[in-house]
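Trainee: Let me give you the structure first, and then I'll get to my questions.
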Amino acid sequence: MAVPRVAVVGAGAAGLATLKALADAGVPAIAFEAADTLGGLWVYGAPGSPAYRTLHLNTSKGRTEFADHPMPADWPDYPDHTRVAGYLGDYADRFGLHEAVRLRHTVERVTRTGDGWRVWATGPDGPVEVDVEAVVVANGHNRVPKRPEPYPGECTAEQMHSHDYRGPEQLAGRRVLVVGGGNSAMDIAVDASYAAERTLLSLRRGVWVVPKYLLGRPSDTLNGALARRLPWRLRQRISQTMITTAVGPPTRYGLPAPAHGFLQDHPTLSDALLSRLTHGDIQARPGIARFDGDRVEFTDGRHDEVELVVWCTGYRVEMPFLDPALLGDGADRLPLYRHVFHLDAPGLAFVGLMQSTGAAFPLVEAQARLVAARLAGTWAPPDPARQAAACREELRAATARWGQRRPHMRVDFDVYLAELGRELAVGRRRAGAAR
């Protein structure tokens, strides 16, 4: 391998897409991956992976696949984690990425050194140190569980975070309380409804539960068709009408009414949840008011005894290897030009530091191409003042749409994918004009 010019942190989907884009652009790179295999969170049983045995894509394969590596046509629309992990392995095989990856290497520190960067990692044979021109952070943000603030009272029931959930046997024969409204919460509640003695699902705030099929098609394909033609507010009205026509409002199933409109939070997709609720196999509850031993009181005054609480409360975004001065108010509040480039640290880029209304793979692929073009000299950013202004405008629009739910990281899948394509073209013209 040629002497690397770039260090990539992570070899999951974002890291692999970055290595592939850099190789296409003729930019030598090395990637450090803490696990003993490629594939990141999709590798069931890998250290740090949150994958559980019943995990499937919640975006359809046609909207999830890389542009230059389609998923097999005979796969189901929503493949399971085993297929997705194998798909990422095949991607690495097809494009010859394995040689660039150092498995079982944990990045400990990244620092600036004059015009470049130094990366320290710890591997099976001891410490490794490499000097590079640029660093691409692609380590994901579903690794460090975020636990809720303590509730009044004392909980003596067993507690676990969804990060540690692996399969229904952990729930078998128990009175289970699942807390959260995201995709993992819905999956685990459905699993519990078949294995547990009793299953409760507590949501502090309402979410839109979207069936995986609408009008006979994967539901995300319908919104994608609308996104290419209509502003999001109009898409919101159309989508909400379709959902409520198909399955009714969430309140029909005992769930709290969403405080926000559809497309103003990460979508929660589940076919099975609504059915299990209507059959009484899952019982909906509002937010938790307090604990009293193994007894939980909810905000509507109801009480239930539980043996296991599964906290599906998301993840913290942490990058302990970076100087805190580079992260400002935190990695989840970091202003990045086009959600990729650090404004004040040339040579530092991020791939995958976002929360999308749709799939991640096509977005990290497009981000990676932008990074590769920058490092190959075929793309140039606007001047620093315009970059900062673009970040401020994006934050203003995101806050108006998503409120304070990580607005720095939020992107609309179709709009952002189109924006990255335009940015690549405009930046190439800027680079050409500068020559």
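Residue names in the structure tokens use chain letters A, B, ... in the order shown, residue numbers from 1 in each chain, and ligand numbers from 1 in the order shown.
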Give me, as a ChimeraX atom specification, all polymer residues having an atom no more than 9 Å from Gln240 of chain A, counting only C-alpha atoms and skipping those fewer than 3 positions away in the same chain.
Mentor: /A:208,235-237,243-245,249,261-262
Trainee: If you run DSSP on the backbone here, which positions in segment 86-207 of chain A get alpha helix (DSSP H)? Please write them as a PyMOL selection string.
Mentor: chain A and resi 86-94+183-195
Trainee: At a cut-off of 10 Å, using only C-alpha atoms, what residues contact Ala13 of chain A? Leave out same-chain residues fewer than 3 positions from it and give the result as an mmCIF file with C-alpha atoms, in the first residue's frame.
Mentor:
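So the final result, stored in selection25.cif, reads:
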data_model
loop_
_atom_site.group_PDB
_atom_site.id
_atom_site.type_symbol
_atom_site.label_atom_id
_atom_site.label_comp_id
_atom_site.auth_asym_id
_atom_site.auth_seq_id
_atom_site.Cartn_x
_atom_site.Cartn_y
_atom_site.Cartn_z
ATOM 1 C CA GLY A 10 -13.915 3.441 11.504
ATOM 2 C CA LEU A 16 -15.796 1.818 3.792
ATOM 3 C CA ALA A 17 -17.552 4.320 1.535
ATOM 4 C CA THR A 18 -14.813 6.826 2.363
ATOM 5 C CA LEU A 38 -15.588 -4.806 8.885
ATOM 6 C CA GLY A 39 -19.192 -3.676 8.902
ATOM 7 C CA GLY A 40 -19.632 -1.634 12.057
ATOM 8 C CA LEU A 41 -22.981 -1.801 13.826
ATOM 9 C CA TRP A 42 -24.412 -4.342 11.366
ATOM 10 C CA PHE A 66 -24.851 2.203 -2.450
ATOM 11 C CA VAL A 84 -26.524 -6.227 5.384
ATOM 12 C CA ALA A 85 -23.262 -7.196 7.105
ATOM 13 C CA TYR A 87 -23.323 -6.816 1.760
ATOM 14 C CA LEU A 88 -20.738 -4.519 3.380
ATOM 15 C CA GLY A 89 -18.196 -7.332 3.316
ATOM 16 C CA TYR A 91 -18.483 -4.156 -0.963
ATOM 17 C CA ALA A 92 -15.033 -4.283 0.614
ATOM 18 C CA ALA A 138 -16.431 7.882 10.299
ATOM 19 C CA ASN A 139 -16.887 6.088 13.606
ATOM 20 C CA GLY A 140 -20.684 6.327 13.784
ATOM 21 C CA VAL A 351 -18.684 11.180 7.187
ATOM 22 C CA GLY A 352 -21.911 9.953 8.765
ATOM 23 C CA ALA A 360 -27.652 6.382 5.635
ATOM 24 C CA PHE A 361 -25.672 4.470 3.003
ATOM 25 C CA PRO A 362 -26.359 6.706 -0.034
ATOM 26 C CA VAL A 364 -22.308 8.623 3.417
ATOM 27 C CA GLU A 365 -21.387 7.567 -0.107
#
Trainee: Identify, on the basis of only C-alpha atoms, every residue whose closest approach to Glu297 of chain A does not exceed 12 Å; exclude the query and any residue fewer than 2 positions from it along the same chain; express the result as a list in words.
Mentor: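 Returned residues: Tyr151, Pro152, Gly153, Glu154, Cys155, Leu177, Ser202, Arg285, Pro286, Gly287, Ile288, Ala289, Arg290, Phe291, Asp292, Gly293, Asp294, Arg295, Thr299, Asp300, Gly301, Arg302, His303, Asp304, Glu305 and Val306 of chain A.
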Trainee: So what do you get for atom CA of Tyr213 of chain A versus atom CA of Gly45 of chain A, distance-wise?
Mentor: 29.6 Å
Trainee: Write out as a VMD selection string the residues lying within 7 Å of Thr106 of chain A, counting only C-alpha atoms and excluding same-chain residues fewer than 2 positions away.
Mentor: chain A and resid 32 to 34 104 108 121 to 123
Trainee: Here is a test: counting only C-alpha atoms, which residue of A:Val101, A:Val128, A:Val135, A:Leu203 is nearest to His342 of chain A?
Mentor: A:Val135
Trainee: Between atom CA of Glu158 of chain A and atom CA of Leu308 of chain A, what is the distance, to one decimal in Å?
Mentor: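 One can read the atom CA of Glu158 of chain A to atom CA of Leu308 of chain A distance as 4.7 Å.
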Trainee: Assign secondary structure with DSSP using the backbone only, and return the residues of segment 192-337 of chain A in strand (DSSP E) as a ChimeraX atom specification.
Mentor: /A:198-202,209-210,213-214,217-218,268-269,283-285,288-293,295-298,303-305,308-311,315-316,336-337
Trainee: Find the spatial neighbours of segment 81-83 of chain A, counting only C-alpha atoms, within a cut-off of 9 Å - ignore same-chain residues fewer than 3 positions away - and output them as a PyMOL selection string.
Mentor: chain A and resi 42-44+51-57+75+86-88
